[in-house]
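**Student:** Enclosed is the structure file input15.txt (compact mmCIF, N, CA and C atoms).
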# COMPACT_ATOMS: atom_id res chain seq x y z
N MET A 219 0.15 2.45 -22.00
CA MET A 219 -0.75 1.69 -21.18
C MET A 219 -0.04 0.43 -20.67
N SER A 220 -0.22 0.15 -19.41
CA SER A 220 0.45 -0.98 -18.77
C SER A 220 -0.22 -2.30 -19.14
N ASN A 221 0.59 -3.34 -19.28
CA ASN A 221 0.06 -4.68 -19.49
C ASN A 221 -0.01 -5.46 -18.20
N GLY A 222 0.28 -4.80 -17.09
CA GLY A 222 0.33 -5.47 -15.80
C GLY A 222 -1.04 -5.68 -15.18
N GLN A 223 -1.02 -6.34 -14.05
CA GLN A 223 -2.24 -6.61 -13.28
C GLN A 223 -2.42 -5.52 -12.24
N ASN A 224 -3.67 -5.33 -11.78
CA ASN A 224 -3.93 -4.42 -10.68
C ASN A 224 -4.20 -5.23 -9.42
N HIS A 225 -3.53 -4.86 -8.34
CA HIS A 225 -3.70 -5.49 -7.04
C HIS A 225 -4.32 -4.45 -6.10
N VAL A 226 -5.17 -4.88 -5.18
CA VAL A 226 -5.83 -3.96 -4.27
C VAL A 226 -5.46 -4.30 -2.83
N VAL A 227 -5.05 -3.27 -2.08
CA VAL A 227 -4.76 -3.39 -0.65
C VAL A 227 -5.76 -2.49 0.07
N VAL A 228 -6.45 -3.03 1.07
CA VAL A 228 -7.47 -2.28 1.80
C VAL A 228 -7.00 -2.03 3.23
N ILE A 229 -7.15 -0.78 3.68
CA ILE A 229 -6.84 -0.40 5.06
C ILE A 229 -8.19 -0.14 5.72
N PHE A 230 -8.47 -0.83 6.84
CA PHE A 230 -9.81 -0.79 7.42
C PHE A 230 -9.75 -0.80 8.94
N ASN A 231 -10.88 -0.41 9.57
CA ASN A 231 -11.00 -0.47 11.02
C ASN A 231 -11.18 -1.91 11.46
N ASP A 232 -10.47 -2.29 12.52
CA ASP A 232 -10.59 -3.61 13.12
C ASP A 232 -10.72 -3.38 14.62
N GLY A 233 -11.92 -3.09 15.05
CA GLY A 233 -12.12 -2.69 16.44
C GLY A 233 -11.55 -1.30 16.64
N ASN A 234 -10.68 -1.14 17.62
CA ASN A 234 -10.06 0.15 17.89
C ASN A 234 -8.75 0.36 17.14
N THR A 235 -8.40 -0.59 16.31
CA THR A 235 -7.14 -0.50 15.57
C THR A 235 -7.44 -0.48 14.07
N VAL A 236 -6.37 -0.39 13.31
CA VAL A 236 -6.48 -0.40 11.86
C VAL A 236 -5.69 -1.60 11.34
N ALA A 237 -6.22 -2.26 10.32
CA ALA A 237 -5.57 -3.43 9.75
C ALA A 237 -5.38 -3.25 8.25
N VAL A 238 -4.52 -4.09 7.67
CA VAL A 238 -4.20 -4.07 6.25
C VAL A 238 -4.46 -5.46 5.68
N ALA A 239 -5.16 -5.51 4.55
CA ALA A 239 -5.39 -6.80 3.89
C ALA A 239 -5.36 -6.61 2.38
N PRO A 240 -4.73 -7.49 1.66
CA PRO A 240 -3.92 -8.59 2.19
C PRO A 240 -2.60 -8.07 2.74
N GLY A 241 -1.98 -8.87 3.57
CA GLY A 241 -0.71 -8.49 4.15
C GLY A 241 0.44 -8.64 3.17
N GLN A 242 0.21 -9.35 2.08
CA GLN A 242 1.27 -9.58 1.11
C GLN A 242 0.69 -9.48 -0.30
N VAL A 243 1.38 -8.76 -1.16
CA VAL A 243 1.01 -8.64 -2.57
C VAL A 243 2.17 -9.18 -3.39
N VAL A 244 1.86 -10.03 -4.37
CA VAL A 244 2.88 -10.55 -5.27
C VAL A 244 2.67 -9.86 -6.61
N ALA A 245 3.68 -9.10 -7.06
CA ALA A 245 3.53 -8.25 -8.25
C ALA A 245 4.78 -8.30 -9.11
N ALA A 246 4.64 -7.81 -10.32
CA ALA A 246 5.76 -7.70 -11.26
C ALA A 246 5.84 -6.26 -11.76
N LYS A 247 6.96 -5.91 -12.40
CA LYS A 247 7.12 -4.58 -12.96
C LYS A 247 5.93 -4.27 -13.87
N GLU A 248 5.44 -3.06 -13.77
CA GLU A 248 4.30 -2.52 -14.50
C GLU A 248 2.96 -2.94 -13.93
N ASP A 249 2.92 -3.81 -12.92
CA ASP A 249 1.68 -4.05 -12.21
C ASP A 249 1.35 -2.79 -11.41
N THR A 250 0.09 -2.62 -11.07
CA THR A 250 -0.29 -1.51 -10.21
C THR A 250 -0.82 -2.06 -8.89
N VAL A 251 -0.66 -1.26 -7.85
CA VAL A 251 -1.21 -1.59 -6.54
C VAL A 251 -2.07 -0.41 -6.11
N THR A 252 -3.35 -0.67 -5.89
CA THR A 252 -4.26 0.37 -5.43
C THR A 252 -4.44 0.20 -3.93
N PHE A 253 -4.09 1.24 -3.18
CA PHE A 253 -4.25 1.27 -1.73
C PHE A 253 -5.53 2.04 -1.43
N LYS A 254 -6.47 1.42 -0.68
CA LYS A 254 -7.76 2.05 -0.36
C LYS A 254 -7.92 2.18 1.14
N ASN A 255 -8.22 3.39 1.59
CA ASN A 255 -8.49 3.66 2.99
C ASN A 255 -10.01 3.64 3.18
N ILE A 256 -10.52 2.57 3.83
CA ILE A 256 -11.96 2.52 4.09
C ILE A 256 -12.26 2.65 5.59
N THR A 257 -11.31 3.24 6.33
CA THR A 257 -11.57 3.50 7.75
C THR A 257 -12.68 4.54 7.85
N GLN A 258 -13.24 4.69 9.03
CA GLN A 258 -14.36 5.61 9.20
C GLN A 258 -13.95 7.07 9.05
N SER A 259 -12.84 7.46 9.67
CA SER A 259 -12.46 8.88 9.62
C SER A 259 -10.98 9.08 9.94
N SER A 260 -10.16 8.14 9.56
CA SER A 260 -8.75 8.19 9.96
C SER A 260 -7.83 8.43 8.77
N VAL A 261 -6.92 9.37 8.95
CA VAL A 261 -5.86 9.55 7.97
C VAL A 261 -4.84 8.45 8.20
N VAL A 262 -4.41 7.80 7.13
CA VAL A 262 -3.35 6.81 7.23
C VAL A 262 -2.23 7.23 6.30
N THR A 263 -1.01 6.94 6.73
CA THR A 263 0.16 7.25 5.92
C THR A 263 0.91 5.96 5.64
N LEU A 264 1.16 5.69 4.37
CA LEU A 264 1.94 4.53 3.96
C LEU A 264 3.37 4.98 3.78
N VAL A 265 4.30 4.20 4.32
CA VAL A 265 5.73 4.53 4.24
C VAL A 265 6.44 3.38 3.54
N PHE A 266 7.12 3.71 2.45
CA PHE A 266 7.86 2.72 1.66
C PHE A 266 9.36 2.99 1.84
N PRO A 267 10.05 2.23 2.70
CA PRO A 267 11.47 2.48 2.94
C PRO A 267 12.33 2.37 1.68
N ASP A 268 11.98 1.47 0.76
CA ASP A 268 12.71 1.35 -0.49
C ASP A 268 11.92 2.08 -1.57
N GLU A 269 12.31 3.32 -1.85
CA GLU A 269 11.58 4.17 -2.77
C GLU A 269 11.61 3.69 -4.21
N ASP A 270 12.51 2.77 -4.54
CA ASP A 270 12.63 2.30 -5.92
C ASP A 270 11.42 1.51 -6.40
N ILE A 271 10.66 0.94 -5.49
CA ILE A 271 9.55 0.09 -5.92
C ILE A 271 8.47 0.89 -6.65
N PHE A 272 8.19 2.12 -6.22
CA PHE A 272 7.14 2.93 -6.82
C PHE A 272 7.67 4.26 -7.34
N LYS A 273 8.64 4.22 -8.24
CA LYS A 273 9.14 5.43 -8.92
C LYS A 273 9.54 6.55 -7.96
N GLY A 274 10.23 6.21 -6.89
CA GLY A 274 10.73 7.23 -5.97
C GLY A 274 9.74 7.73 -4.94
N ILE A 275 8.57 7.13 -4.84
CA ILE A 275 7.57 7.56 -3.85
C ILE A 275 7.91 6.91 -2.51
N ALA A 276 8.07 7.75 -1.49
CA ALA A 276 8.43 7.25 -0.16
C ALA A 276 7.24 7.20 0.78
N THR A 277 6.29 8.14 0.64
CA THR A 277 5.12 8.17 1.51
C THR A 277 3.87 8.54 0.71
N VAL A 278 2.74 8.05 1.20
CA VAL A 278 1.44 8.38 0.62
C VAL A 278 0.46 8.51 1.78
N SER A 279 -0.29 9.61 1.81
CA SER A 279 -1.34 9.78 2.82
C SER A 279 -2.70 9.60 2.18
N LEU A 280 -3.56 8.86 2.87
CA LEU A 280 -4.92 8.60 2.38
C LEU A 280 -5.92 9.05 3.43
N THR A 281 -6.90 9.85 3.02
CA THR A 281 -7.95 10.29 3.93
C THR A 281 -9.29 9.78 3.42
N PRO A 282 -10.15 9.28 4.31
CA PRO A 282 -11.40 8.67 3.86
C PRO A 282 -12.50 9.67 3.54
N GLU A 283 -12.31 10.95 3.83
CA GLU A 283 -13.39 11.92 3.68
C GLU A 283 -13.78 12.17 2.23
N SER A 284 -12.88 11.99 1.31
CA SER A 284 -13.15 12.32 -0.09
C SER A 284 -12.76 11.16 -1.00
N PRO A 285 -13.57 10.88 -2.01
CA PRO A 285 -13.20 9.82 -2.95
C PRO A 285 -11.86 10.11 -3.66
N ASN A 286 -11.50 11.37 -3.78
CA ASN A 286 -10.25 11.74 -4.45
C ASN A 286 -9.02 11.45 -3.60
N THR A 287 -9.17 11.39 -2.29
CA THR A 287 -8.02 11.17 -1.41
C THR A 287 -8.11 9.84 -0.66
N ARG A 288 -9.11 9.06 -0.94
CA ARG A 288 -9.35 7.80 -0.25
C ARG A 288 -8.49 6.67 -0.79
N LYS A 289 -8.09 6.76 -2.06
CA LYS A 289 -7.29 5.69 -2.65
C LYS A 289 -6.21 6.27 -3.54
N ARG A 290 -5.19 5.45 -3.76
CA ARG A 290 -4.08 5.86 -4.62
C ARG A 290 -3.54 4.62 -5.31
N THR A 291 -3.32 4.73 -6.61
CA THR A 291 -2.78 3.62 -7.39
C THR A 291 -1.35 3.94 -7.77
N LEU A 292 -0.45 3.02 -7.45
CA LEU A 292 0.97 3.17 -7.73
C LEU A 292 1.42 2.05 -8.66
N THR A 293 2.38 2.36 -9.53
CA THR A 293 2.89 1.39 -10.48
C THR A 293 4.24 0.85 -10.02
N VAL A 294 4.36 -0.48 -9.99
CA VAL A 294 5.63 -1.12 -9.63
C VAL A 294 6.66 -0.76 -10.70
N ASP A 295 7.79 -0.20 -10.26
CA ASP A 295 8.79 0.32 -11.21
C ASP A 295 10.15 -0.33 -11.04
N THR A 296 10.20 -1.50 -10.47
CA THR A 296 11.49 -2.17 -10.30
C THR A 296 11.42 -3.58 -10.87
N GLU A 297 12.54 -4.03 -11.41
CA GLU A 297 12.64 -5.42 -11.85
C GLU A 297 13.43 -6.25 -10.85
N GLU A 298 13.91 -5.60 -9.79
CA GLU A 298 14.66 -6.31 -8.76
C GLU A 298 13.73 -7.20 -7.96
N MET A 299 13.91 -8.51 -8.10
CA MET A 299 13.07 -9.43 -7.35
C MET A 299 13.40 -9.32 -5.87
N GLY A 300 12.39 -9.49 -5.05
CA GLY A 300 12.62 -9.45 -3.62
C GLY A 300 11.37 -9.04 -2.87
N SER A 301 11.55 -8.86 -1.57
CA SER A 301 10.46 -8.46 -0.69
C SER A 301 10.64 -7.01 -0.29
N TYR A 302 9.59 -6.22 -0.43
CA TYR A 302 9.63 -4.79 -0.13
C TYR A 302 8.62 -4.48 0.97
N PRO A 303 9.05 -4.48 2.22
CA PRO A 303 8.13 -4.19 3.31
C PRO A 303 7.74 -2.71 3.32
N TYR A 304 6.57 -2.44 3.88
CA TYR A 304 6.12 -1.07 4.07
C TYR A 304 5.30 -1.02 5.35
N THR A 305 5.03 0.18 5.83
CA THR A 305 4.23 0.34 7.04
C THR A 305 3.04 1.24 6.75
N VAL A 306 2.01 1.09 7.58
CA VAL A 306 0.81 1.93 7.50
C VAL A 306 0.63 2.54 8.88
N TYR A 307 0.74 3.88 8.93
CA TYR A 307 0.63 4.60 10.20
C TYR A 307 -0.76 5.21 10.31
N HIS A 308 -1.40 4.98 11.45
CA HIS A 308 -2.75 5.47 11.73
C HIS A 308 -2.62 6.69 12.63
N SER A 309 -2.90 7.87 12.08
CA SER A 309 -2.63 9.11 12.81
C SER A 309 -3.53 9.31 14.03
N SER A 310 -4.78 8.88 13.98
CA SER A 310 -5.68 9.10 15.11
C SER A 310 -5.22 8.39 16.37
N SER A 311 -4.80 7.14 16.23
CA SER A 311 -4.37 6.37 17.40
C SER A 311 -2.87 6.47 17.64
N LYS A 312 -2.15 7.08 16.68
CA LYS A 312 -0.70 7.19 16.75
C LYS A 312 -0.05 5.80 16.86
N GLU A 313 -0.60 4.86 16.07
CA GLU A 313 -0.10 3.49 16.04
C GLU A 313 0.04 3.02 14.60
N PHE A 314 0.81 1.97 14.43
CA PHE A 314 0.92 1.36 13.12
C PHE A 314 -0.17 0.30 12.96
N ALA A 315 -0.68 0.15 11.75
CA ALA A 315 -1.69 -0.87 11.47
C ALA A 315 -1.10 -2.24 11.71
N HIS A 316 -1.94 -3.18 12.12
CA HIS A 316 -1.44 -4.53 12.33
C HIS A 316 -1.70 -5.38 11.09
N ALA A 317 -0.69 -6.16 10.71
CA ALA A 317 -0.76 -7.08 9.56
C ALA A 317 0.57 -7.78 9.44
N SER A 318 1.14 -8.18 10.55
CA SER A 318 2.53 -8.62 10.56
C SER A 318 3.32 -7.43 10.03
N ILE A 319 4.08 -7.62 9.02
CA ILE A 319 4.70 -6.50 8.30
C ILE A 319 4.23 -6.65 6.87
N PRO A 320 3.32 -5.78 6.42
CA PRO A 320 2.87 -5.93 5.05
C PRO A 320 4.03 -5.76 4.08
N ASN A 321 3.99 -6.49 2.99
CA ASN A 321 5.07 -6.35 2.02
C ASN A 321 4.58 -6.64 0.62
N ILE A 322 5.38 -6.22 -0.32
CA ILE A 322 5.12 -6.46 -1.72
C ILE A 322 6.26 -7.32 -2.24
N ILE A 323 5.93 -8.49 -2.76
CA ILE A 323 6.91 -9.40 -3.33
C ILE A 323 6.96 -9.12 -4.83
N VAL A 324 8.15 -8.81 -5.34
CA VAL A 324 8.29 -8.54 -6.76
C VAL A 324 8.96 -9.73 -7.42
N TYR A 325 8.39 -10.16 -8.54
CA TYR A 325 8.95 -11.28 -9.30
C TYR A 325 9.05 -10.85 -10.76
N ARG A 326 9.75 -11.62 -11.56
CA ARG A 326 9.85 -11.35 -12.99
C ARG A 326 8.78 -12.12 -13.73
N ARG A 327 8.04 -11.43 -14.54
CA ARG A 327 7.01 -12.08 -15.36
C ARG A 327 7.66 -12.54 -16.65
N ASP A 328 7.55 -13.82 -16.95
CA ASP A 328 8.15 -14.34 -18.19
C ASP A 328 7.13 -14.42 -19.28
Give the structure from this file in structure tokens form.

**Tutor:**
Amino acid sequence: MSNGQNHVVVIFNDGNTVAVAPGQVVAAKEDTVTFKNITQSSVVTLVFPDEDIFKGIATVSLTPESPNTRKRTLTVDTEEMGSYPYTVYHSSSKEFAHASIPNIIVYRRD
């Protein structure tokens, strides 16, 4: 069982586009990040260019139609401090969600 904290990132409709909040998560190894898709009917795909942050996971697709596919919790698996940007792709509009560039900041918990 992890001793880390759980952080929540929500993907939602913002007019005709999709947004991500918060745009930045500050986490440490063994923390979890739950990504929730609360859009009306849009599949979103999260892309993590640095696969080391979440145990080799590079992409995650979330669909709002089912509670089982609407959210996903990932565990931070790196002790390398730094900024890990990711993107959220909205398949219906064929655009990326706006939020500057969302990222996860990893720090060492003492």

**Student:** Tell me which protein, DNA and RNA residues are within 6 Å of stretch 242-253 of chain A, counting all atoms listed in the file, leaving out same-chain ones fewer than 5 positions away, and put them as a list of chain:residue names.

**Tutor:**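 Near neighbours after the sequence-gap exclusion: A:Ser220, A:Asn221, A:Gly222, A:Gln223, A:Asn224, A:His225, A:Val226, A:Val227, A:Val228, A:Arg288, A:Lys289, A:Arg290, A:Thr291, A:Leu292, A:Thr293, A:Val294, A:Asp295, A:Thr296, A:Glu297, A:Pro320, A:Asn321, A:Ile322, A:Ile323, A:Val324, A:Tyr325, A:Arg326, A:Arg327.
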
**Student:** Keeping only N, CA and C atoms, write those residues as an mmCIF file, keeping the file's coordinate frame.

**Tutor:**
data_model
loop_
_atom_site.group_PDB
_atom_site.id
_atom_site.type_symbol
_atom_site.label_atom_id
_atom_site.label_comp_id
_atom_site.auth_asym_id
_atom_site.auth_seq_id
_atom_site.Cartn_x
_atom_site.Cartn_y
_atom_site.Cartn_z
ATOM 1 N N SER A 220 -0.220 0.150 -19.410
ATOM 2 C CA SER A 220 0.450 -0.980 -18.770
ATOM 3 C C SER A 220 -0.220 -2.300 -19.140
ATOM 4 N N ASN A 221 0.590 -3.340 -19.280
ATOM 5 C CA ASN A 221 0.060 -4.680 -19.490
ATOM 6 C C ASN A 221 -0.010 -5.460 -18.200
ATOM 7 N N GLY A 222 0.280 -4.800 -17.090
ATOM 8 C CA GLY A 222 0.330 -5.470 -15.800
ATOM 9 C C GLY A 222 -1.040 -5.680 -15.180
ATOM 10 N N GLN A 223 -1.020 -6.340 -14.050
ATOM 11 C CA GLN A 223 -2.240 -6.610 -13.280
ATOM 12 C C GLN A 223 -2.420 -5.520 -12.240
ATOM 13 N N ASN A 224 -3.670 -5.330 -11.780
ATOM 14 C CA ASN A 224 -3.930 -4.420 -10.680
ATOM 15 C C ASN A 224 -4.200 -5.230 -9.420
ATOM 16 N N HIS A 225 -3.530 -4.860 -8.340
ATOM 17 C CA HIS A 225 -3.700 -5.490 -7.040
ATOM 18 C C HIS A 225 -4.320 -4.450 -6.100
ATOM 19 N N VAL A 226 -5.170 -4.880 -5.180
ATOM 20 C CA VAL A 226 -5.830 -3.960 -4.270
ATOM 21 C C VAL A 226 -5.460 -4.300 -2.830
ATOM 22 N N VAL A 227 -5.050 -3.270 -2.080
ATOM 23 C CA VAL A 227 -4.760 -3.390 -0.650
ATOM 24 C C VAL A 227 -5.760 -2.490 0.070
ATOM 25 N N VAL A 228 -6.450 -3.030 1.070
ATOM 26 C CA VAL A 228 -7.470 -2.280 1.800
ATOM 27 C C VAL A 228 -7.000 -2.030 3.230
ATOM 28 N N ARG A 288 -9.110 9.060 -0.940
ATOM 29 C CA ARG A 288 -9.350 7.800 -0.250
ATOM 30 C C ARG A 288 -8.490 6.670 -0.790
ATOM 31 N N LYS A 289 -8.090 6.760 -2.060
ATOM 32 C CA LYS A 289 -7.290 5.690 -2.650
ATOM 33 C C LYS A 289 -6.210 6.270 -3.540
ATOM 34 N N ARG A 290 -5.190 5.450 -3.760
ATOM 35 C CA ARG A 290 -4.080 5.860 -4.620
ATOM 36 C C ARG A 290 -3.540 4.620 -5.310
ATOM 37 N N THR A 291 -3.320 4.730 -6.610
ATOM 38 C CA THR A 291 -2.780 3.620 -7.390
ATOM 39 C C THR A 291 -1.350 3.940 -7.770
ATOM 40 N N LEU A 292 -0.450 3.020 -7.450
ATOM 41 C CA LEU A 292 0.970 3.170 -7.730
ATOM 42 C C LEU A 292 1.420 2.050 -8.660
ATOM 43 N N THR A 293 2.380 2.360 -9.530
ATOM 44 C CA THR A 293 2.890 1.390 -10.480
ATOM 45 C C THR A 293 4.240 0.850 -10.020
ATOM 46 N N VAL A 294 4.360 -0.480 -9.990
ATOM 47 C CA VAL A 294 5.630 -1.120 -9.630
ATOM 48 C C VAL A 294 6.660 -0.760 -10.700
ATOM 49 N N ASP A 295 7.790 -0.200 -10.260
ATOM 50 C CA ASP A 295 8.790 0.320 -11.210
ATOM 51 C C ASP A 295 10.150 -0.330 -11.040
ATOM 52 N N THR A 296 10.200 -1.500 -10.470
ATOM 53 C CA THR A 296 11.490 -2.170 -10.300
ATOM 54 C C THR A 296 11.420 -3.580 -10.870
ATOM 55 N N GLU A 297 12.540 -4.030 -11.410
ATOM 56 C CA GLU A 297 12.640 -5.420 -11.850
ATOM 57 C C GLU A 297 13.430 -6.250 -10.850
ATOM 58 N N PRO A 320 3.320 -5.780 6.420
ATOM 59 C CA PRO A 320 2.870 -5.930 5.050
ATOM 60 C C PRO A 320 4.030 -5.760 4.080
ATOM 61 N N ASN A 321 3.990 -6.490 2.990
ATOM 62 C CA ASN A 321 5.070 -6.350 2.020
ATOM 63 C C ASN A 321 4.580 -6.640 0.620
ATOM 64 N N ILE A 322 5.380 -6.220 -0.320
ATOM 65 C CA ILE A 322 5.120 -6.460 -1.720
ATOM 66 C C ILE A 322 6.260 -7.320 -2.240
ATOM 67 N N ILE A 323 5.930 -8.490 -2.760
ATOM 68 C CA ILE A 323 6.910 -9.400 -3.330
ATOM 69 C C ILE A 323 6.960 -9.120 -4.830
ATOM 70 N N VAL A 324 8.150 -8.810 -5.340
ATOM 71 C CA VAL A 324 8.290 -8.540 -6.760
ATOM 72 C C VAL A 324 8.960 -9.730 -7.420
ATOM 73 N N TYR A 325 8.390 -10.160 -8.540
ATOM 74 C CA TYR A 325 8.950 -11.280 -9.300
ATOM 75 C C TYR A 325 9.050 -10.850 -10.760
ATOM 76 N N ARG A 326 9.750 -11.620 -11.560
ATOM 77 C CA ARG A 326 9.850 -11.350 -12.990
ATOM 78 C C ARG A 326 8.780 -12.120 -13.730
ATOM 79 N N ARG A 327 8.040 -11.430 -14.540
ATOM 80 C CA ARG A 327 7.010 -12.080 -15.360
ATOM 81 C C ARG A 327 7.660 -12.540 -16.650
#

**Student:** One number please: atom CA of A:Ser284 to atom N of A:Pro303, in Å, one decimal.

**Tutor:**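 Taking atom CA of A:Ser284 and atom N of A:Pro303, their separation equals 27.9 Å.
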
**Student:** Taking the chain letters and numbering used in this document, name the residues of stretch 223-325 of chain A that DSSP puts in alpha helix (DSSP H), as a PyMOL selection string.

**Tutor:** chain A and resi 285-288

**Student:** Quick check, in Å to one decimal: how far apart do atom CA of A:Pro267 and atom CA of A:Phe314 lie?

**Tutor:**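 These two atoms are separated by 14.7 Å.
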
**Student:** Kindly give the distance, in Å, that separates atom N of A:Gly241 and atom C of A:Tyr307, rounded to a single decimal.

**Tutor:**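 Distance between the two atoms: 15.7 Å.
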
**Student:** Select from stretch 249-326 of chain A everything DSSP, run on the backbone, classes as strand (DSSP E or B), then give the selection as number ranges by chain.

**Tutor:** A: 250-255, 262-265, 277-280, 289-293, 300-303, 305-308, 313-314, 316, 321-325

**Student:** At a cut-off of 8 Å, using all atoms listed in the file, what residues contact stretch 279-282 of chain A? Leave out same-chain residues fewer than 6 positions from it and give the result as a PDB file with N, CA and C atoms, in the frame of the given file.

**Tutor:**
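The result, written out as part-v4.pdb:
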ATOM      1  N   PHE A 253      -4.090   1.240  -3.180  1.00  0.00           N
ATOM      2  CA  PHE A 253      -4.250   1.270  -1.730  1.00  0.00           C
ATOM      3  C   PHE A 253      -5.530   2.040  -1.430  1.00  0.00           C
ATOM      4  N   LYS A 254      -6.470   1.420  -0.680  1.00  0.00           N
ATOM      5  CA  LYS A 254      -7.760   2.050  -0.360  1.00  0.00           C
ATOM      6  C   LYS A 254      -7.920   2.180   1.140  1.00  0.00           C
ATOM      7  N   ASN A 255      -8.220   3.390   1.590  1.00  0.00           N
ATOM      8  CA  ASN A 255      -8.490   3.660   2.990  1.00  0.00           C
ATOM      9  C   ASN A 255     -10.010   3.640   3.180  1.00  0.00           C
ATOM     10  N   ILE A 256     -10.520   2.570   3.830  1.00  0.00           N
ATOM     11  CA  ILE A 256     -11.960   2.520   4.090  1.00  0.00           C
ATOM     12  C   ILE A 256     -12.260   2.650   5.590  1.00  0.00           C
ATOM     13  N   THR A 257     -11.310   3.240   6.330  1.00  0.00           N
ATOM     14  CA  THR A 257     -11.570   3.500   7.750  1.00  0.00           C
ATOM     15  C   THR A 257     -12.680   4.540   7.850  1.00  0.00           C
ATOM     16  N   GLN A 258     -13.240   4.690   9.030  1.00  0.00           N
ATOM     17  CA  GLN A 258     -14.360   5.610   9.200  1.00  0.00           C
ATOM     18  C   GLN A 258     -13.950   7.070   9.050  1.00  0.00           C
ATOM     19  N   SER A 259     -12.840   7.460   9.670  1.00  0.00           N
ATOM     20  CA  SER A 259     -12.460   8.880   9.620  1.00  0.00           C
ATOM     21  C   SER A 259     -10.980   9.080   9.940  1.00  0.00           C
ATOM     22  N   SER A 260     -10.160   8.140   9.560  1.00  0.00           N
ATOM     23  CA  SER A 260      -8.750   8.190   9.960  1.00  0.00           C
ATOM     24  C   SER A 260      -7.830   8.430   8.770  1.00  0.00           C
ATOM     25  N   VAL A 261      -6.920   9.370   8.950  1.00  0.00           N
ATOM     26  CA  VAL A 261      -5.860   9.550   7.970  1.00  0.00           C
ATOM     27  C   VAL A 261      -4.840   8.450   8.200  1.00  0.00           C
ATOM     28  N   VAL A 262      -4.410   7.800   7.130  1.00  0.00           N
ATOM     29  CA  VAL A 262      -3.350   6.810   7.230  1.00  0.00           C
ATOM     30  C   VAL A 262      -2.230   7.230   6.300  1.00  0.00           C
ATOM     31  N   THR A 263      -1.010   6.940   6.730  1.00  0.00           N
ATOM     32  CA  THR A 263       0.160   7.250   5.920  1.00  0.00           C
ATOM     33  C   THR A 263       0.910   5.960   5.640  1.00  0.00           C
ATOM     34  N   LEU A 264       1.160   5.690   4.370  1.00  0.00           N
ATOM     35  CA  LEU A 264       1.940   4.530   3.960  1.00  0.00           C
ATOM     36  C   LEU A 264       3.370   4.980   3.780  1.00  0.00           C
ATOM     37  N   VAL A 265       4.300   4.200   4.320  1.00  0.00           N
ATOM     38  CA  VAL A 265       5.730   4.530   4.240  1.00  0.00           C
ATOM     39  C   VAL A 265       6.440   3.380   3.540  1.00  0.00           C
ATOM     40  N   ARG A 288      -9.110   9.060  -0.940  1.00  0.00           N
ATOM     41  CA  ARG A 288      -9.350   7.800  -0.250  1.00  0.00           C
ATOM     42  C   ARG A 288      -8.490   6.670  -0.790  1.00  0.00           C
ATOM     43  N   LYS A 289      -8.090   6.760  -2.060  1.00  0.00           N
ATOM     44  CA  LYS A 289      -7.290   5.690  -2.650  1.00  0.00           C
ATOM     45  C   LYS A 289      -6.210   6.270  -3.540  1.00  0.00           C
ATOM     46  N   ARG A 290      -5.190   5.450  -3.760  1.00  0.00           N
ATOM     47  CA  ARG A 290      -4.080   5.860  -4.620  1.00  0.00           C
ATOM     48  C   ARG A 290      -3.540   4.620  -5.310  1.00  0.00           C
TER      49      ARG A 290
END
